[in-house]
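Enquirer: Dropping in protein21.cif, with mmCIF, C-alpha atoms and all ligand atoms.
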data_input
#
loop_
_atom_site.label_atom_id
_atom_site.label_comp_id
_atom_site.auth_asym_id
_atom_site.auth_seq_id
_atom_site.Cartn_x
_atom_site.Cartn_y
_atom_site.Cartn_z
CA MET A 1 0.00 0.00 0.00
CA SER A 2 1.31 3.44 -0.81
CA VAL A 3 1.90 5.95 1.96
CA ASN A 4 1.20 9.66 1.54
CA VAL A 5 4.08 11.72 2.91
CA ILE A 6 2.52 15.08 2.00
CA GLU A 7 -1.16 15.93 1.71
CA VAL A 8 -2.39 19.21 0.29
CA LYS A 9 -6.12 19.62 0.91
CA ASP A 10 -8.15 22.27 -0.87
CA VAL A 11 -5.34 24.83 -0.65
CA THR A 12 -5.77 28.33 -2.10
CA VAL A 13 -2.97 30.89 -1.92
CA ALA A 14 -3.46 34.53 -2.88
CA TYR A 15 -1.11 37.49 -3.26
CA ASP A 16 -2.79 40.87 -2.80
CA ASN A 17 -6.21 39.21 -2.93
CA THR A 18 -5.48 37.58 -6.30
CA PRO A 19 -5.37 33.78 -6.11
CA ALA A 20 -2.10 32.31 -7.45
CA VAL A 21 -3.29 28.72 -6.91
CA SER A 22 -6.84 27.59 -6.21
CA SER A 23 -8.27 24.56 -4.45
CA LEU A 24 -5.19 22.37 -4.79
CA ASN A 25 -5.70 18.77 -3.77
CA PHE A 26 -2.53 16.75 -4.01
CA THR A 27 -0.85 13.79 -2.36
CA LEU A 28 2.84 13.00 -2.55
CA LYS A 29 3.40 9.27 -2.39
CA LYS A 30 6.35 7.91 -0.46
CA GLY A 31 9.25 6.69 -2.59
CA THR A 32 8.21 8.50 -5.77
CA CYS A 33 10.05 11.02 -7.92
CA THR A 34 7.26 13.47 -8.71
CA ALA A 35 7.60 16.38 -11.15
CA ILE A 36 5.55 19.56 -10.95
CA VAL A 37 5.15 21.09 -14.40
CA GLY A 38 3.23 24.09 -15.67
CA PRO A 39 3.84 27.33 -17.55
CA ASN A 40 5.56 30.38 -16.04
CA GLY A 41 3.44 31.92 -13.32
CA SER A 42 1.22 28.85 -13.00
CA GLY A 43 1.89 28.63 -9.26
CA LYS A 44 4.53 25.90 -9.05
CA SER A 45 6.75 27.78 -6.59
CA THR A 46 3.70 28.96 -4.67
CA MET A 47 2.49 25.39 -4.21
CA ILE A 48 5.90 24.38 -2.85
CA LYS A 49 6.06 27.43 -0.59
CA ALA A 50 2.66 26.53 0.83
CA ILE A 51 4.03 23.08 1.69
CA MET A 52 7.11 24.66 3.29
CA GLN A 53 4.91 27.13 5.23
CA LEU A 54 6.66 30.04 3.52
CA VAL A 55 3.32 31.40 2.35
CA LYS A 56 0.08 31.07 4.27
CA PRO A 57 -2.90 29.67 2.39
CA VAL A 58 -6.12 31.66 2.59
CA SER A 59 -7.88 28.34 2.90
CA GLY A 60 -7.09 24.64 3.03
CA LYS A 61 -4.50 22.60 4.87
CA VAL A 62 -1.12 21.00 4.27
CA THR A 63 0.17 18.07 6.27
CA VAL A 64 3.64 16.55 6.15
CA GLU A 65 3.75 13.01 7.51
CA ASN A 66 0.33 13.63 9.05
CA SER A 67 1.41 16.73 10.91
CA SER A 68 0.88 20.42 10.20
CA SER A 69 3.56 21.57 12.67
CA LYS A 70 6.79 23.34 11.76
CA GLN A 71 8.60 20.39 13.31
CA ALA A 72 7.42 18.10 10.50
CA LEU A 73 9.26 20.29 7.97
CA LYS A 74 12.58 19.17 9.46
CA ASN A 75 12.23 16.01 7.44
CA ILE A 76 12.20 17.99 4.19
CA ALA A 77 15.33 19.20 2.41
CA TYR A 78 14.23 22.23 0.40
CA VAL A 79 16.21 23.66 -2.50
CA PRO A 80 14.69 27.01 -3.51
CA GLN A 81 14.52 28.37 -7.03
CA LYS A 82 17.61 30.11 -8.40
CA GLY A 83 17.50 33.82 -7.76
CA GLU A 84 15.76 33.38 -4.42
CA VAL A 85 19.06 32.75 -2.69
CA ASN A 86 21.67 35.35 -1.84
CA TRP A 87 24.95 33.90 -3.05
CA ASP A 88 26.95 36.96 -1.98
CA PHE A 89 26.71 35.71 1.57
CA PRO A 90 30.28 35.15 2.82
CA ALA A 91 30.55 31.39 3.32
CA THR A 92 32.61 28.56 1.94
CA VAL A 93 31.21 25.56 0.10
CA PHE A 94 31.97 23.41 3.14
CA ASP A 95 30.13 25.83 5.49
CA VAL A 96 27.02 25.69 3.35
CA VAL A 97 26.97 21.90 3.21
CA LEU A 98 27.63 21.67 6.95
CA MET A 99 24.51 23.84 7.45
CA GLY A 100 22.55 20.79 6.36
CA ARG A 101 23.52 19.25 9.72
CA TYR A 102 22.23 22.16 11.84
CA VAL A 103 18.67 21.06 11.19
CA HIS A 104 19.38 18.24 13.61
CA LYS A 105 21.46 20.16 16.10
CA GLY A 106 20.23 23.74 16.20
CA TRP A 107 22.62 26.66 15.90
CA ILE A 108 24.10 26.43 19.39
CA LYS A 109 25.99 23.15 19.23
CA ARG A 110 29.26 22.87 17.36
CA PRO A 111 29.47 20.37 14.52
CA THR A 112 31.00 17.06 15.54
CA LYS A 113 33.59 15.04 13.67
CA GLU A 114 30.74 12.92 12.40
CA ASP A 115 28.84 15.96 11.07
CA LYS A 116 31.98 17.04 9.22
CA GLN A 117 32.46 13.56 7.78
CA ILE A 118 28.85 13.54 6.55
CA ALA A 119 29.41 16.93 4.88
CA TYR A 120 32.62 15.63 3.25
CA ASP A 121 30.83 12.56 1.95
CA ALA A 122 27.98 14.66 0.54
CA LEU A 123 30.48 16.89 -1.27
CA GLU A 124 32.22 13.80 -2.62
CA THR A 125 28.90 12.44 -3.93
CA MET A 126 28.28 15.71 -5.78
CA LYS A 127 31.93 15.79 -6.95
CA MET A 128 32.50 19.13 -5.22
CA LEU A 129 35.19 18.17 -2.71
CA PRO A 130 37.95 20.02 -4.62
CA PHE A 131 35.91 23.22 -4.16
CA LYS A 132 35.26 22.84 -0.44
CA ASP A 133 37.17 25.97 0.62
CA ARG A 134 35.91 28.14 -2.22
CA GLN A 135 33.60 31.08 -1.45
CA ILE A 136 30.07 30.31 -2.70
CA SER A 137 30.01 33.69 -4.48
CA GLU A 138 32.73 32.32 -6.79
CA LEU A 139 30.81 29.31 -8.11
CA SER A 140 29.09 28.73 -11.44
CA GLY A 141 25.35 28.04 -11.56
CA GLY A 142 25.89 24.29 -11.92
CA GLN A 143 28.35 24.22 -9.04
CA ARG A 144 25.92 26.11 -6.81
CA GLN A 145 23.20 23.61 -7.57
CA ARG A 146 25.60 20.75 -6.67
CA VAL A 147 26.42 22.46 -3.38
CA PHE A 148 22.73 22.80 -2.63
CA LEU A 149 22.13 19.16 -3.34
CA ALA A 150 25.13 18.22 -1.19
CA ARG A 151 23.59 20.25 1.63
CA ALA A 152 20.30 18.42 1.16
CA ILE A 153 22.14 15.08 1.30
CA ALA A 154 23.98 16.14 4.49
CA HIS A 155 20.58 17.02 5.96
CA ASN A 156 19.63 13.35 5.42
CA ALA A 157 15.95 14.21 5.11
CA ASP A 158 13.42 11.68 3.85
CA ILE A 159 11.73 14.18 1.53
CA TYR A 160 13.46 16.41 -1.01
CA ILE A 161 11.64 19.39 -2.52
CA MET A 162 13.54 21.18 -5.27
CA ASP A 163 12.37 24.17 -7.30
CA GLU A 164 13.77 23.99 -10.84
CA PRO A 165 17.13 22.48 -9.81
CA LEU A 166 18.07 21.86 -13.46
CA GLN A 167 17.34 25.37 -14.72
CA GLY A 168 20.37 26.92 -16.43
CA ILE A 169 22.95 24.31 -15.48
CA ASP A 170 25.37 22.22 -17.54
CA ILE A 171 24.45 18.76 -18.78
CA THR A 172 27.07 17.02 -16.59
CA THR A 173 25.52 18.52 -13.47
CA GLU A 174 22.04 17.63 -14.70
CA GLU A 175 23.06 14.00 -15.16
CA LEU A 176 24.72 13.91 -11.75
CA ILE A 177 21.66 15.37 -10.01
CA ILE A 178 19.31 12.89 -11.71
CA LYS A 179 21.62 9.96 -10.96
CA THR A 180 21.81 11.03 -7.31
CA MET A 181 18.03 11.47 -7.13
CA LYS A 182 17.47 7.95 -8.45
CA GLN A 183 20.04 6.51 -6.05
CA LEU A 184 18.35 8.21 -3.09
CA GLN A 185 14.96 7.01 -4.34
CA LYS A 186 16.29 3.44 -4.13
CA GLU A 187 17.10 4.17 -0.49
CA GLY A 188 13.44 5.06 0.07
CA LYS A 189 13.60 8.86 -0.26
CA THR A 190 10.80 10.88 -1.86
CA PHE A 191 11.27 13.72 -4.38
CA LEU A 192 9.01 16.58 -5.41
CA VAL A 193 10.72 18.61 -8.13
CA VAL A 194 9.59 21.58 -10.21
CA HIS A 195 10.75 20.72 -13.71
CA HIS A 196 10.76 23.00 -16.74
CA ASN A 197 11.74 20.67 -19.58
CA LEU A 198 8.71 18.72 -20.82
CA MET A 199 10.87 16.42 -22.96
CA THR A 200 12.66 14.83 -20.01
CA VAL A 201 9.67 14.40 -17.68
CA PRO A 202 9.02 10.70 -18.48
CA GLU A 203 12.72 9.84 -18.35
CA TYR A 204 13.45 11.50 -15.02
CA PHE A 205 10.20 11.06 -13.08
CA ASP A 206 7.63 8.38 -12.30
CA HIS A 207 4.82 10.71 -11.16
CA VAL A 208 3.70 14.13 -12.32
CA VAL A 209 1.52 17.05 -11.26
CA ILE A 210 0.38 19.27 -14.11
CA LEU A 211 -0.47 22.71 -12.80
CA ASN A 212 -1.98 25.88 -14.11
CA LYS A 213 -3.30 27.70 -11.06
CA GLN A 214 -5.35 24.56 -10.52
CA ILE A 215 -4.25 20.97 -10.78
CA ILE A 216 -4.98 19.83 -14.32
CA ALA A 217 -3.85 16.25 -13.70
CA GLN A 218 -1.76 14.19 -11.31
CA GLY A 219 -0.69 10.59 -11.04
CA THR A 220 1.75 8.19 -12.61
CA ILE A 221 3.47 9.22 -15.84
CA GLU A 222 1.54 6.44 -17.53
CA ASP A 223 -1.85 7.80 -16.45
CA ALA A 224 -1.39 11.55 -16.19
CA TRP A 225 1.26 12.44 -18.77
CA THR A 226 -1.00 12.74 -21.80
CA LYS A 227 -0.97 15.28 -24.64
CA GLU A 228 -4.47 16.38 -23.63
CA ASN A 229 -3.38 17.17 -20.08
CA VAL A 230 -0.21 18.96 -21.17
CA ASN A 231 -2.05 20.97 -23.79
CA ALA A 232 -4.75 21.87 -21.28
CA ALA A 233 -2.08 23.39 -19.01
CA TYR A 234 0.17 25.04 -21.58
CA PHE A 235 -1.92 26.05 -24.54
CA GLU A 236 -5.19 27.79 -24.94
CA LYS A 237 -7.41 26.76 -27.80
CA GLY A 238 -6.03 27.89 -31.16
CA VAL A 239 -2.67 28.99 -29.78
CA GLY A 240 -0.83 25.79 -30.60
CA THR A 241 -0.31 22.28 -29.36
CA TRP A 242 2.51 20.24 -28.02
CA THR A 243 3.10 17.32 -30.31
CA SER A 244 6.04 15.16 -29.38
P1 LIG B 301 5.77 29.59 -11.08
O1 LIG B 301 6.70 29.10 -10.05
O2 LIG B 301 4.89 28.52 -11.65
O3 LIG B 301 6.44 30.38 -12.18
P2 LIG B 301 4.82 31.35 -8.96
O4 LIG B 301 4.27 30.47 -7.92
O5 LIG B 301 6.16 31.94 -8.74
O6 LIG B 301 4.73 30.61 -10.38
O7 LIG B 301 3.81 32.57 -9.20
C1 LIG B 301 2.42 32.37 -9.38
C2 LIG B 301 1.74 33.75 -9.53
O8 LIG B 301 1.83 34.45 -8.31
C3 LIG B 301 2.38 34.64 -10.58
O9 LIG B 301 1.37 35.37 -11.21
C4 LIG B 301 3.30 35.53 -9.77
O10 LIG B 301 3.47 36.77 -10.40
C5 LIG B 301 2.51 35.69 -8.48
N1 LIG B 301 3.41 35.88 -7.32
C6 LIG B 301 4.36 35.02 -6.89
N2 LIG B 301 4.97 35.47 -5.79
C7 LIG B 301 4.38 36.66 -5.50
C8 LIG B 301 4.56 37.62 -4.46
N3 LIG B 301 5.48 37.45 -3.50
N4 LIG B 301 3.78 38.72 -4.48
C9 LIG B 301 2.83 38.91 -5.44
N5 LIG B 301 2.61 38.04 -6.44
C10 LIG B 301 3.37 36.92 -6.48
MG MG B 302 8.75 29.18 -9.86
#
Take the structure in the file and give it back as structure tokens.
Ligand code: ADP
Ligand code: MG
Expert:
Amino acid sequence: MSVNVIEVKDVTVAYDNTPAVSSLNFTLKKGTCTAIVGPNGSGKSTMIKAIMQLVKPVSGKVTVENSSSKQALKNIAYVPQKGEVNWDFPATVFDVVLMGRYVHKGWIKRPTKEDKQIAYDALETMKMLPFKDRQISELSGGQRQRVFLARAIAHNADIYIMDEPLQGIDITTEELIIKTMKQLQKEGKTFLVVHHNLMTVPEYFDHVVILNKQIIAQGTIEDAWTKENVNAAYFEKGVGTWTS
């Protein structure tokens, strides 16, 4: 039987009284790699922010592992969308990855030898160990995304939520991120990922949510990833269709 790790029930989020997403009903199944797709401005980031309690819904409820407390969010490693993070912050690559451990310890306690080893291993996995002493302001886009994923790995959460992690990065980094995601999935982790490239959805993911302010479709790739559903989200009648 499949377990729901996240449940979004009838959630509406508005900015300045204008709804960005309306009446979302969604369940994230444990052990899946689920893509969220939809055109620009369709509310993908807003949906994720509602899950992360970064925006407050005007109505509806989100639960993470059956809890709506802040505490439950500790089991989620969240990688925000590019541009929402200040990379001028003075910190080394190693510092940022080590921050993944603070979720468990709080800010007061010093990192242990074990914490440092976990951070090293995460950097190794993302092939970023040679850059460990580099300032994060001096990294390329792909390298930053690797550091973020290394931090998520160091966090050792069960749920990973990533907002367009493959946007504007090199193909080597893309392959490494997908390979790592699939490896972690084998270990029982769950992924919810905003994804912008329609062509790679079926290759990278096993479940999909198609969004355009409302949920157009959700489910397995086999059931939900149809031309009708994609066209319904991306194209208005007469504007064009997606045909591949
Ligand atoms: P996506 O991630 O799919 O591109 P977003 O969730 O970022 O979409 O945005 C959905 C809608 O909400 C857009 O129309 C956007 O302009 C609006 N929006 C997002 N964030 C804010 C905000 N902080 N204040 C006002 N409007 C916002
Ligand atoms: Mg977005």
Enquirer: Residues within 7 Å of range 22-30 of chain A, please, as a compact mmCIF listing (two decimals) with C-alpha atoms, in the coordinates of the input. Count all atoms listed in the file; anything in the same chain fewer than 5 positions from it doesn't count.
Expert:
# COMPACT_ATOMS: atom_id res chain seq x y z
CA SER A 2 1.31 3.44 -0.81
CA VAL A 3 1.90 5.95 1.96
CA ASN A 4 1.20 9.66 1.54
CA VAL A 5 4.08 11.72 2.91
CA ILE A 6 2.52 15.08 2.00
CA GLU A 7 -1.16 15.93 1.71
CA VAL A 8 -2.39 19.21 0.29
CA LYS A 9 -6.12 19.62 0.91
CA ASP A 10 -8.15 22.27 -0.87
CA VAL A 11 -5.34 24.83 -0.65
CA THR A 12 -5.77 28.33 -2.10
CA VAL A 13 -2.97 30.89 -1.92
CA THR A 190 10.80 10.88 -1.86
CA LYS A 213 -3.30 27.70 -11.06
CA GLN A 214 -5.35 24.56 -10.52
CA ILE A 215 -4.25 20.97 -10.78
Enquirer: Which residues, written as JSON, numbers by chain, have at least one atom at most 9 Å from Val194 in chain A, with all atoms listed in the file counted and residues fewer than 6 positions away on the same chain left out?
Expert: {"A": [34, 35, 36, 37, 38, 44, 45, 48, 81, 161, 162, 163, 164, 165]}
Enquirer: Restricting the output to C-alpha atoms, write the selected residues as a compact mmCIF listing (two decimals), in the frame of the given file.
Expert:
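File written: result-v2.txt
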# COMPACT_ATOMS: atom_id res chain seq x y z
CA THR A 34 7.26 13.47 -8.71
CA ALA A 35 7.60 16.38 -11.15
CA ILE A 36 5.55 19.56 -10.95
CA VAL A 37 5.15 21.09 -14.40
CA GLY A 38 3.23 24.09 -15.67
CA LYS A 44 4.53 25.90 -9.05
CA SER A 45 6.75 27.78 -6.59
CA ILE A 48 5.90 24.38 -2.85
CA GLN A 81 14.52 28.37 -7.03
CA ILE A 161 11.64 19.39 -2.52
CA MET A 162 13.54 21.18 -5.27
CA ASP A 163 12.37 24.17 -7.30
CA GLU A 164 13.77 23.99 -10.84
CA PRO A 165 17.13 22.48 -9.81
Enquirer: Nearest residue to Ile159 in chain A out of A:Thr63, A:Thr220, A:Asn229, A:Thr32, using only C-alpha atoms?
Expert: A:Thr32
Enquirer: Once you count only C-alpha atoms and all ligand atoms, what closest atom pair and distance in Å to one decimal does each residue of chain A within 7 Å of ligand LIG 301 (chain B) have, with rows by chain and rising residue number, as a Markdown table?
Expert:
| residue | atom | partner | partner_atom | distance |
| --- | --- | --- | --- | --- |
| A:Tyr15 | CA | B:LIG301 | C9 | 4.7 |
| A:Asp16 | CA | B:LIG301 | C9 | 6.5 |
| A:Ala20 | CA | B:LIG301 | O8 | 4.6 |
| A:Gly38 | CA | B:LIG301 | O2 | 6.2 |
| A:Pro39 | CA | B:LIG301 | O2 | 6.1 |
| A:Asn40 | CA | B:LIG301 | O3 | 4.0 |
| A:Gly41 | CA | B:LIG301 | O6 | 3.5 |
| A:Ser42 | CA | B:LIG301 | O2 | 3.9 |
| A:Gly43 | CA | B:LIG301 | O4 | 3.3 |
| A:Lys44 | CA | B:LIG301 | O2 | 3.7 |
| A:Ser45 | CA | B:LIG301 | O1 | 3.7 |
| A:Thr46 | CA | B:LIG301 | O4 | 3.6 |
| A:Met47 | CA | B:LIG301 | O4 | 6.5 |
Enquirer: Please, what distance in Å, to one decimal, runs between CA of Phe191 in chain A and CA of Tyr160 in chain A?
Expert: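 A separation of 4.8 Å between them.
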Enquirer: One decimal, in Å: what's the spacing between CA of Ile221 in chain A and CA of Asp206 in chain A?
Expert: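 Interatomic distance, CA of Ile221 in chain A to CA of Asp206 in chain A: 5.5 Å.
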Enquirer: Select from range 17-129 of chain A every residue with an atom at most 12 Å from any atom of range 143-148 of chain A, then for each give the shortest pair of atoms and their distance in Å to one decimal, using only C-alpha atoms, rows by chain and rising number, as CSV.
Expert:
residue,atom,partner,partner_atom,distance
A:Ala77,CA,A:Phe148,CA,9.6
A:Tyr78,CA,A:Phe148,CA,9.0
A:Val79,CA,A:Phe148,CA,6.6
A:Pro80,CA,A:Phe148,CA,9.1
A:Gln81,CA,A:Gln145,CA,9.9
A:Lys82,CA,A:Gln145,CA,8.6
A:Gly83,CA,A:Arg144,CA,11.5
A:Val85,CA,A:Arg144,CA,10.4
A:Asn86,CA,A:Arg144,CA,11.3
A:Trp87,CA,A:Arg144,CA,8.7
A:Asp88,CA,A:Arg144,CA,11.9
A:Ala91,CA,A:Val147,CA,11.9
A:Thr92,CA,A:Val147,CA,10.2
A:Val93,CA,A:Val147,CA,6.7
A:Phe94,CA,A:Val147,CA,8.6
A:Asp95,CA,A:Val147,CA,10.2
A:Val96,CA,A:Val147,CA,7.5
A:Val97,CA,A:Val147,CA,6.6
A:Leu98,CA,A:Val147,CA,10.4
A:Met99,CA,A:Phe148,CA,10.3
A:Gly100,CA,A:Phe148,CA,9.2
A:Ala119,CA,A:Val147,CA,10.4
A:Tyr120,CA,A:Val147,CA,11.4
A:Ala122,CA,A:Val147,CA,8.9
A:Leu123,CA,A:Val147,CA,7.2
A:Glu124,CA,A:Arg146,CA,10.4
A:Thr125,CA,A:Arg146,CA,9.4
A:Met126,CA,A:Arg146,CA,5.8
A:Lys127,CA,A:Arg146,CA,8.0
A:Met128,CA,A:Val147,CA,7.2
A:Leu129,CA,A:Val147,CA,9.8
Enquirer: Quick one, how far is CA of Thr173 in chain A from CA of Lys113 in chain A?
Expert: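 These two atoms are separated by 28.5 Å.
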Enquirer: Which is closest to ligand MG 302 (chain B) among A:Val193, A:Leu149, A:Cys33, A:Ile76, if we use only C-alpha atoms and all ligand atoms?
Expert: A:Val193
Enquirer: Using only C-alpha atoms, can you tell me which of A:Gln218, A:Pro130, A:Pro19, A:Gly142 comes closest to Thr172 in chain A?
Expert: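 That would be A:Gly142, the residue with the smallest distance to Thr172 in chain A.
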Enquirer: Residues near Glu228 in chain A, anyone? I mean within 10 Å using only C-alpha atoms, not counting same-chain ones fewer than 2 positions away, as a ChimeraX atom specification.
Expert: /A:216-217,224-226,230-233,241-242
